[in-house]
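K.L.:
Please read through the structure below; I'll follow up with questions.
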Amino acid sequence: MPAVQESKLRIAVLVPCYNEALTIAQVVRDFARQLPGSIVYVFDNNSKDDTKAVARAAGAIVRSVSYQGKGNVIRRMFADIEADVYVLVDGDGTYDAGAAPLLVEKLLEEGLDMVVGTRVSNEDAAYRKGHRFGNVLLTRCAATIFGRTFTDMLSGYRVFSRRYVKSFPAHSEGFETETELTVHALELRMPVAEISTAYGARPDGSESKLNTYRDGFRILSTIVKLFKAEKPLLFFSIGFFACTLLAVMLAIPLVATFVETGLVPRLPTAVLCVALVLFGALLLTCGIVLDTVTRGRTEAKRFAYLAVPGPTHASIRTPRCDIS
């Protein structure tokens with residue numbers, strides 16, 4: 001493990017929390033033990049239990065975020081914390097802290113910007129079938145739109161380089177933030193990887209904050225919004241072709257009647273066909289204009305990304321933590 005043993009770097013463990021008093025102390029201790037010298041930050045999101053006090057007693061630096069939602073917490077984390085490598089993990093105790101050194105090593109040795117801990121579990125209580133099916137469905141949906149993606153797009157266990165964190169726009173508010181994290185890497189074609197990690201069940205008394213249908217719909221809506229924002233020409237072209245196809249289907253009988261009789265007996269249908277074609281043309285024009293704007297915005301993101309040194313350079317630059 002030369003990249004890890006020979007380098008000293010700042011590692012920040014970021015733990016977003018909401019009502020995790022039962023598990024947060026173990027999470028803090030486990031990650032501090034697996035990544036000696038790292039700093040564990042717990043960002044509390046208006047918890048109604050003793051999450052903050054328990055996390056502070058376990059040795060974490062605790063901060064509060066008033067805006068509700070995991071996406072809002074991650075936005076604040078990425079803005080406030082300065083480090084070379086960032087380990088993001090949920091505070092529910094379901095992710096394997098023992099895999100953290102391997103994820104960090106993978107990031108450093110291969111000069112990656114994000115490594116995702118893909119969840120592997122045979123426990124139905126840990127990873128319910130409904131959640132598995134929804135994850136697969138949404139991951140394949142994103143892969144169809146944005147190209148190559150991960151097998152577990154919604155994993156909450158990730159390691160990032162500094163240049164990823166400082167170029168991430170963070171628009172999402174809730175659990176859909178994992179989708180945005182994935183699409184940001186794909187949009188800029190960053191070097192990424194994934195490693196299988198064990199995923200366990202929550203302890204008795206700890207409840208998941210994820211709602212299968214509500215949050216699944218929000219994630220799907222986020223995919224559609226990102227599709228429109230990142231690939232506007234393709235998005236609006238679909239509307240253009242749909243309008244044009246419908247107009248042609250409606251116009252075929254009208255054209256046949258006109259050829260035979262020289263008359264247009266169904267004038268409202270003819271007007272509708274013209275309106276559909278005009279509307280389709282407007283959609284296509286919007287797609288062309290927005291595609292030009294999106295290219296400029298993507299270039300700006302790319303420059304912001306390249307302005308920060310990569311993970312291997314950062315590890316040499318800042319002597320702080322040795323995780324050998």
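Each chain in the structure tokens gets a letter, A, B and so on, in the order shown; residues start at 1 in every chain, and ligands are counted from 1 in the order they appear.
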DSSP on the backbone: what in segment 72-229 of chain A comes out alpha helix (DSSP H), as a VMD selection string?

P.N.:
chain A and resid 72 to 80 100 to 109 129 to 146 162 to 165 177 to 187 212 to 229

K.L.:
For the selection you just gave me, I'd like the residues written to a file as a PDB file, in the first residue's frame, keeping C-alpha atoms.

P.N.:
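Once written, selection-v8.pdb looks like this:
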ATOM      1  CA  ASN A  72     -28.526  20.586   2.679  1.00  0.00           C
ATOM      2  CA  VAL A  73     -26.187  18.928   5.185  1.00  0.00           C
ATOM      3  CA  ILE A  74     -23.772  17.765   2.473  1.00  0.00           C
ATOM      4  CA  ARG A  75     -23.742  21.242   0.946  1.00  0.00           C
ATOM      5  CA  ARG A  76     -22.674  22.672   4.292  1.00  0.00           C
ATOM      6  CA  MET A  77     -20.104  19.903   4.886  1.00  0.00           C
ATOM      7  CA  PHE A  78     -18.404  20.392   1.532  1.00  0.00           C
ATOM      8  CA  ALA A  79     -18.337  24.165   1.963  1.00  0.00           C
ATOM      9  CA  ASP A  80     -16.978  24.269   5.527  1.00  0.00           C
ATOM     10  CA  ALA A 100     -12.494   2.859   4.871  1.00  0.00           C
ATOM     11  CA  PRO A 101      -8.689   2.391   4.538  1.00  0.00           C
ATOM     12  CA  LEU A 102      -9.242   0.314   1.395  1.00  0.00           C
ATOM     13  CA  LEU A 103     -11.474   3.001  -0.139  1.00  0.00           C
ATOM     14  CA  VAL A 104      -8.955   5.729   0.675  1.00  0.00           C
ATOM     15  CA  GLU A 105      -6.067   3.628  -0.657  1.00  0.00           C
ATOM     16  CA  LYS A 106      -7.957   3.028  -3.911  1.00  0.00           C
ATOM     17  CA  LEU A 107      -8.556   6.750  -4.320  1.00  0.00           C
ATOM     18  CA  LEU A 108      -4.892   7.654  -3.741  1.00  0.00           C
ATOM     19  CA  GLU A 109      -3.166   4.847  -5.627  1.00  0.00           C
ATOM     20  CA  LYS A 129     -36.296  -5.906  -1.237  1.00  0.00           C
ATOM     21  CA  GLY A 130     -38.301  -2.796  -2.090  1.00  0.00           C
ATOM     22  CA  HIS A 131     -35.227  -0.642  -1.623  1.00  0.00           C
ATOM     23  CA  ARG A 132     -33.072  -3.057  -3.642  1.00  0.00           C
ATOM     24  CA  PHE A 133     -35.553  -3.043  -6.532  1.00  0.00           C
ATOM     25  CA  GLY A 134     -35.890   0.737  -6.448  1.00  0.00           C
ATOM     26  CA  ASN A 135     -32.120   1.180  -6.356  1.00  0.00           C
ATOM     27  CA  VAL A 136     -31.612  -1.102  -9.358  1.00  0.00           C
ATOM     28  CA  LEU A 137     -34.426   0.594 -11.295  1.00  0.00           C
ATOM     29  CA  LEU A 138     -33.162   4.121 -10.625  1.00  0.00           C
ATOM     30  CA  THR A 139     -29.535   3.169 -11.255  1.00  0.00           C
ATOM     31  CA  ARG A 140     -30.398   1.669 -14.640  1.00  0.00           C
ATOM     32  CA  CYS A 141     -32.529   4.699 -15.469  1.00  0.00           C
ATOM     33  CA  ALA A 142     -29.585   7.000 -14.749  1.00  0.00           C
ATOM     34  CA  ALA A 143     -27.234   4.725 -16.721  1.00  0.00           C
ATOM     35  CA  THR A 144     -29.527   4.913 -19.761  1.00  0.00           C
ATOM     36  CA  ILE A 145     -29.491   8.710 -19.680  1.00  0.00           C
ATOM     37  CA  PHE A 146     -25.978   9.548 -18.541  1.00  0.00           C
ATOM     38  CA  ARG A 162     -10.654  17.573  -2.587  1.00  0.00           C
ATOM     39  CA  ARG A 163     -11.149  18.696  -6.176  1.00  0.00           C
ATOM     40  CA  TYR A 164     -14.391  16.744  -6.392  1.00  0.00           C
ATOM     41  CA  VAL A 165     -15.762  18.282  -3.196  1.00  0.00           C
ATOM     42  CA  THR A 177     -28.258  14.078  -3.214  1.00  0.00           C
ATOM     43  CA  GLU A 178     -26.609  10.681  -3.923  1.00  0.00           C
ATOM     44  CA  THR A 179     -27.984  10.869  -7.465  1.00  0.00           C
ATOM     45  CA  GLU A 180     -26.510  14.336  -7.884  1.00  0.00           C
ATOM     46  CA  LEU A 181     -23.156  13.145  -6.531  1.00  0.00           C
ATOM     47  CA  THR A 182     -23.076  10.402  -9.168  1.00  0.00           C
ATOM     48  CA  VAL A 183     -24.181  12.567 -12.095  1.00  0.00           C
ATOM     49  CA  HIS A 184     -21.625  15.272 -11.240  1.00  0.00           C
ATOM     50  CA  ALA A 185     -18.812  12.734 -11.623  1.00  0.00           C
ATOM     51  CA  LEU A 186     -20.248  11.378 -14.874  1.00  0.00           C
ATOM     52  CA  GLU A 187     -20.838  14.843 -16.316  1.00  0.00           C
ATOM     53  CA  THR A 212     -39.453   4.095  -0.197  1.00  0.00           C
ATOM     54  CA  TYR A 213     -42.128   5.753  -2.350  1.00  0.00           C
ATOM     55  CA  ARG A 214     -41.750   9.425  -1.426  1.00  0.00           C
ATOM     56  CA  ASP A 215     -37.964   9.491  -1.651  1.00  0.00           C
ATOM     57  CA  GLY A 216     -37.971   7.182  -4.678  1.00  0.00           C
ATOM     58  CA  PHE A 217     -40.212   9.661  -6.488  1.00  0.00           C
ATOM     59  CA  ARG A 218     -37.938  12.537  -5.462  1.00  0.00           C
ATOM     60  CA  ILE A 219     -34.893  10.667  -6.764  1.00  0.00           C
ATOM     61  CA  LEU A 220     -36.653   9.930 -10.066  1.00  0.00           C
ATOM     62  CA  SER A 221     -37.651  13.598 -10.335  1.00  0.00           C
ATOM     63  CA  THR A 222     -34.032  14.568  -9.722  1.00  0.00           C
ATOM     64  CA  ILE A 223     -32.887  12.269 -12.535  1.00  0.00           C
ATOM     65  CA  VAL A 224     -35.362  13.953 -14.910  1.00  0.00           C
ATOM     66  CA  LYS A 225     -34.270  17.445 -13.797  1.00  0.00           C
ATOM     67  CA  LEU A 226     -30.609  16.561 -14.220  1.00  0.00           C
ATOM     68  CA  PHE A 227     -31.402  15.058 -17.631  1.00  0.00           C
ATOM     69  CA  LYS A 228     -32.964  18.373 -18.681  1.00  0.00           C
ATOM     70  CA  ALA A 229     -30.129  20.417 -17.160  1.00  0.00           C
TER      71      ALA A 229
END

K.L.:
Please provide as number ranges by chain all residues within 12 Å of Leu306 of chain A, with the sequence filter that same-chain residues fewer than 2 positions apart are discarded (counting only C-alpha atoms).

P.N.:
A: 113, 161-167, 188, 190, 299-304, 308-311

K.L.:
Could you tell me how far atom CA of Ala12 of chain A sits from atom CA of Ser38 of chain A, in Å to one decimal place?

P.N.:
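Computing it gives 5.8 Å between the two atoms.
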
K.L.:
Would you mind telling me which residue in A:Ala270, A:Phe279, A:Thr257, A:Gly200 lies nearest to Cys243 of chain A when using only C-alpha atoms?

P.N.:
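Ranked by minimum distance to Cys243 of chain A, first place goes to A:Phe279.
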
K.L.:
I need the strand (DSSP E or B) residues of segment 167-297 of chain A per DSSP on the backbone, written as a PyMOL selection string.

P.N.:
chain A and resi 192-199

K.L.:
List the spatial neighbours of segment 150-158 of chain A as a PDB file with C-alpha atoms, in the first residue's frame - criterion: any atom at most 6 Å away, only C-alpha atoms, same-chain residues fewer than 5 positions off excluded.

P.N.:
ATOM      1  CA  VAL A  87     -14.972  10.069   3.700  1.00  0.00           C
ATOM      2  CA  LEU A  88     -18.755  10.427   3.647  1.00  0.00           C
ATOM      3  CA  VAL A  89     -20.772   7.900   5.660  1.00  0.00           C
ATOM      4  CA  VAL A 115     -14.818   5.756  -4.775  1.00  0.00           C
ATOM      5  CA  VAL A 116     -18.252   4.354  -3.913  1.00  0.00           C
ATOM      6  CA  GLY A 117     -18.757   1.656  -1.312  1.00  0.00           C
ATOM      7  CA  THR A 118     -21.235  -0.652  -3.024  1.00  0.00           C
ATOM      8  CA  THR A 139     -29.535   3.169 -11.255  1.00  0.00           C
ATOM      9  CA  GLU A 178     -26.609  10.681  -3.923  1.00  0.00           C
TER      10      GLU A 178
END

K.L.:
If I take atom CA of Thr149 of chain A and atom CA of Glu230 of chain A, how far is one from the other in Å, to one decimal?

P.N.:
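It comes out at 15.2 Å.
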
K.L.:
Neighbouring residues of Val42 of chain A were defined as those with any atom within 9 Å, considering only C-alpha atoms; residues of the same chain fewer than 3 positions away were excluded. Please report them as a ChimeraX atom specification.

P.N.:
/A:13-17,24,28,52,55-56,60-64,91

K.L.:
Atom CA of Ala251 of chain A and atom CA of Cys273 of chain A are how many Å apart?

P.N.:
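Between atom CA of Ala251 of chain A and atom CA of Cys273 of chain A the gap is 6.5 Å.
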